[in-house]
Every structure is written in C-alpha cells, then in structure tokens.
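Below is one structure, written out as structure tokens, with a few remarks after it.
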Amino acid sequence: MKFPLRASFIAVAFALTSPVSMAENIKIAYIDPLSGPFAPVGQNILNSFQYIADKANAEKWAGNNAFEVVGFDNKGSPQESLNVLKTAIDKGFRYITQGNGSGVGLALLDAVNKYNERNPGKEIIYLNHAAVDPDMTNSKCSYWHFRFDANSDMKMEALTTYMAADKTVKKVYIIGQNYSFGHQVTRAAKEYLARKRPDVQIVGDDLHPIGQVKDFSPYIAKIKASGADTVITGNWGADLALLVKAAKDADLKANFYTYYGSTTGVPTAMGAAGIDHVKYVGYWNVNNETYAGKDIVEGFKAKYKDDYYSMATYSIILAMSQAVKQAKSAEPAKVAVALEGATFKSLNGDAVMRKVDHQLQQPLYIATWVKVNGKDVKYDQENTGLGWKTNQKIDAFVASQPSSCQMKRPG
C-alpha cells in the first residue's frame, strides 16, 4: 500500500512543476482618461481591452496564461500619468498600455526608459494602442515601446493619397489640438499635399487648447469665411464631437477628413448632417470587405450597449498571446524579443511589428459616413442608423514611412 501512495505524491509533485501548471496572470495597466471630457473614449477602450482579454482567456490564445486589464485614471494629464505609473508598478504590473494623448505617451515613454535602466531584470513594456506622434517610433524610439496604431504620418500619407485623386478638393483648412500630435498633423498635411497636389490652397491653420473649448462656433465661422471646401482635423473625443456639432449647427458644407470620426460621441454629434461629408482614416472599419470582426462587434454591443472600434485592443492581446507562447514566458524581457518582428493576422489583415522601430505596419482604411444599407454598410454606430462605408483599403506599404530610429537595445 505504501508504493502507490508514494507514487501518487510523485505524480502530484510533477503536476505542480510541469509547464501546464506554470500559467501566469499577465496584468496590463490601462493608463488613460476615465474622468473629464475624454472619459467616454477612455471607458470605451478599457471595455474593449477587457472584452478581448476575456475572449483570449476563454479561447486560450496564450495557452494557460490569462490576461487581466485594469483601468487607471490619468485624467488626461502627463503628470498624473507618471503618478499612476508608479502606483501600477508598485502593484506588480509589468505591462502598461496608453493611447489617448501623445503628450501623455511621450511622458510615459521617458519614464519607462528611466525605470528600466534603474531596474534591470524588472523591466516593464509600454504597449501603445493610440498615441500616434511619429517621434515615438523615430527620434524617441525605445526598445520597451511597441506601437499598435499607425502613426499620424502614416495616416496622413494614406489620407492625402486618397485626397489627391479628388479634384473637388481645392481649398483646405487645417484645425487641431495644440499639443505634439496636433502639430504633427498640420505639418504632415501641408508637406504631403504640397507634394501630391501643389494646386491645393491651405486657406487656414488653427490650433486650439486640448479639452478646453466648449464652443467651436468661432472656429467654424473662420472656416466658412475662408471658403474652404475641405477640413482636415486630428481632433478626437469631445474636441471632435463639439467641432462637428458646431459645423452642423452652422450648416457648413465642407467635407471633413478626420482621424477619429468613428470614436465615441462623434457619430451622435454628426447625425444625418455628416452624411457624405465626414470621412476618417484608420486601421479598421467593421464594414470591411469581409466583415472581419463582426462577431466581436455584436458581442461587445450585447454586453456593453456600445460600439467596438478600437481594434488595436485585439491586435495587442493577439500579439502578446503569440509572443508569450513563443517566449514560453510572460517575462517582459523575453516577450520583447518575441514581439520584435512579430507577424500576425489581425482584423484588418496581415500585420508586422517592424523590428527597426517597433511601429506596426498594417493596412489602413478610408471610410465615409452614410446610411446603413444592409449590403456594404451593415453596422451603424451609436444607434444612429448611420455607419461607415469603406471607400478604400490601403495596403501597408503605401502608408509605410521610413524611420530615423536608432534603437538602443539591452546589453
């Protein structure tokens, strides 16, 4: 009777030390606005991360490892973000994600670099879901930072390539938020239009305080007075919703080319007035050529009564799952090696995490706000009966940009 008992103890000991039992809880700190004017966008993306994490866990994307995404409110402030980062690290988080505001992103990037230099063996990784200042993967590139959105230059390359073919575009007004990203958008718009359509006039260029303007009617009056037929804006969140609302109230007929027309609050602000007048450039549209991601859109809507649009949440969890399995570890130093050069198929097609600068290369979409028709536009947004029609899917190589990154790697 003793031998079987001893054998059972050995079996239990083996089970406890086998790879199957070494499952890890991979905690990701989501550092973005969960209060203030940008809270609706922040909450939507947090819900999106948690929905995809739950899906990944249920379907064992990362084997027996499980993802947990926890929200930390940075109030949209770079300084508050640094405080939150310290709190997250103290709580044992080794991965952070942020996206709403490149000013915040640049502050976190610097802080992550300094922390990792001081704490070898305890590194953290910054998974960037939406902070799109090009400098973050150029002059300020970091081995510990991976961007899963297309940067603003990539989006402007795609947008102006599309605009160049539209001969009705003659007078362009640029308006944006007065911080790093807004400055990058206006620079790129001028440079790329000058290269592709030198006949186009830039008739206005405004930068306004981020998250502070409550009434955009004075800006819309200037746009109207300029005779602009086209507006380019990188505004997001409440700043875009209020801008579009003011344009609707003033009956401005100009076409809007946006980066974030599909984000929370903007569809409702546009309503029918935005039909055929508002477009966006982005990495995905649920009304895509194969309706890839429709199951996620429907499931998210059923759970949260909200729209899933932040596809970077899917790409991040998918890429992390693949990297953790490849590395056979959730240790950031090992996962970083696996993320470099990683290839995977996301909801928009084939994607590559470019090794030279950690900028994801992926297809982009141009889409226009139209009525749902049940054919090429099946899904609406914010229960408006209106949705996004794909005008063009742009291959990754078209929007790709050269990088000035001089990556400093460990060791």
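In the structure tokens, each chain is lettered A, B, ... as it comes, each chain's residues begin at 1, and ligands are numbered from 1 in order of appearance.
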Per residue of segment 276-366 of chain A within 8 Å of segment 253-269 of chain A, record the nearest atom pair and its distance in Å to one decimal, counting only C-alpha atoms, with rows in chain order and ascending residue number, as a tab-separated table.
residue	atom	partner	partner_atom	distance
A:Asp276	CA	A:Asn255	CA	7.9
A:His277	CA	A:Asn255	CA	4.5
A:Val278	CA	A:Phe256	CA	4.7
A:Lys279	CA	A:Tyr257	CA	5.0
A:Tyr280	CA	A:Thr258	CA	4.6
A:Val281	CA	A:Tyr259	CA	5.2
A:Gly282	CA	A:Tyr259	CA	6.4
A:Tyr309	CA	A:Thr263	CA	7.1
Expected answer as a PyMOL selection string: alpha helix (DSSP H) residues in segment 175-317 of chain A: chain A and resi 180-196+217-226+238-249+266-270+294-304+312-317
Who sits within 9 Å of Val352 of chain A, only C-alpha atoms, same chain under 2 positions skipped, as a VMD selection string: chain A and resid 340 to 345 350 354 to 355 359 to 362
Output N, CA and C atoms for every residue in that selection, as a PDB file, in the first residue's frame.
ATOM      1  N   GLU A 340       9.420  41.735 -31.243  1.00  0.00           N
ATOM      2  CA  GLU A 340      10.201  42.361 -32.323  1.00  0.00           C
ATOM      3  C   GLU A 340      10.094  41.534 -33.601  1.00  0.00           C
ATOM      4  N   GLY A 341       9.615  42.158 -34.660  1.00  0.00           N
ATOM      5  CA  GLY A 341       9.493  41.469 -35.929  1.00  0.00           C
ATOM      6  C   GLY A 341       8.324  40.515 -36.026  1.00  0.00           C
ATOM      7  N   ALA A 342       7.468  40.505 -34.996  1.00  0.00           N
ATOM      8  CA  ALA A 342       6.328  39.580 -34.976  1.00  0.00           C
ATOM      9  C   ALA A 342       5.387  39.825 -36.151  1.00  0.00           C
ATOM     10  N   THR A 343       4.871  38.753 -36.717  1.00  0.00           N
ATOM     11  CA  THR A 343       3.857  38.839 -37.765  1.00  0.00           C
ATOM     12  C   THR A 343       2.605  38.140 -37.273  1.00  0.00           C
ATOM     13  N   PHE A 344       1.458  38.710 -37.563  1.00  0.00           N
ATOM     14  CA  PHE A 344       0.203  38.087 -37.159  1.00  0.00           C
ATOM     15  C   PHE A 344      -0.919  38.619 -38.040  1.00  0.00           C
ATOM     16  N   LYS A 345      -2.036  37.927 -38.019  1.00  0.00           N
ATOM     17  CA  LYS A 345      -3.189  38.348 -38.813  1.00  0.00           C
ATOM     18  C   LYS A 345      -4.215  38.972 -37.882  1.00  0.00           C
ATOM     19  N   ASP A 350      -2.900  41.203 -42.608  1.00  0.00           N
ATOM     20  CA  ASP A 350      -1.556  40.878 -42.143  1.00  0.00           C
ATOM     21  C   ASP A 350      -0.865  42.099 -41.548  1.00  0.00           C
ATOM     22  N   ARG A 354       7.433  46.084 -36.991  1.00  0.00           N
ATOM     23  CA  ARG A 354       8.730  46.359 -37.599  1.00  0.00           C
ATOM     24  C   ARG A 354       9.828  46.423 -36.536  1.00  0.00           C
ATOM     25  N   LYS A 355      10.862  45.628 -36.737  1.00  0.00           N
ATOM     26  CA  LYS A 355      11.908  45.487 -35.727  1.00  0.00           C
ATOM     27  C   LYS A 355      12.708  46.767 -35.536  1.00  0.00           C
ATOM     28  N   GLN A 359       7.192  49.969 -34.811  1.00  0.00           N
ATOM     29  CA  GLN A 359       5.981  50.569 -35.382  1.00  0.00           C
ATOM     30  C   GLN A 359       5.260  49.501 -36.193  1.00  0.00           C
ATOM     31  N   LEU A 360       4.012  49.180 -35.804  1.00  0.00           N
ATOM     32  CA  LEU A 360       3.257  48.161 -36.520  1.00  0.00           C
ATOM     33  C   LEU A 360       2.959  48.627 -37.938  1.00  0.00           C
ATOM     34  N   GLN A 361       3.232  47.772 -38.894  1.00  0.00           N
ATOM     35  CA  GLN A 361       2.895  48.019 -40.294  1.00  0.00           C
ATOM     36  C   GLN A 361       1.626  47.228 -40.594  1.00  0.00           C
ATOM     37  N   GLN A 362       0.581  47.927 -41.072  1.00  0.00           N
ATOM     38  CA  GLN A 362      -0.717  47.288 -41.255  1.00  0.00           C
ATOM     39  C   GLN A 362      -1.525  48.051 -42.303  1.00  0.00           C
TER      40      GLN A 362
END
9 Å contact set for segment 228-234 of chain A, only C-alpha atoms, chain neighbours under 3 positions out, as number ranges by chain: A: 152, 168-177, 181-182, 185-186, 189, 201-204, 223-225, 240, 253-260
Pick from A:Gly121, A:Lys27, A:Ala88, A:Cys141, whichever lies nearest to Leu109 of chain A using only C-alpha atoms: A:Cys141
Shell around Phe72 of chain A at 9 Å using only C-alpha atoms, local window under 4 positions removed, as a list of chain:residue names: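 Contacts, in chain order: A:Ala29, A:Tyr30, A:Ile31, A:Asp32, A:Pro33, A:Leu34, A:Ser81, A:Val84, A:Leu85, A:Ala88.
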Interatomic distance, atom CA of Gly411 of chain A to atom CA of Ala111 of chain A (Å, one decimal):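 These two atoms are separated by 19.6 Å.
Proximity ranking of A:Met320, A:Val244, A:Ala330, A:Met154 relative to Ile394 of chain A places A:Met154 first, based on only C-alpha atoms.
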Strand (DSSP E) positions in segment 98-227 of chain A, given as a PyMOL selection string: chain A and resi 98+125-128+145-147+171-177+201-208
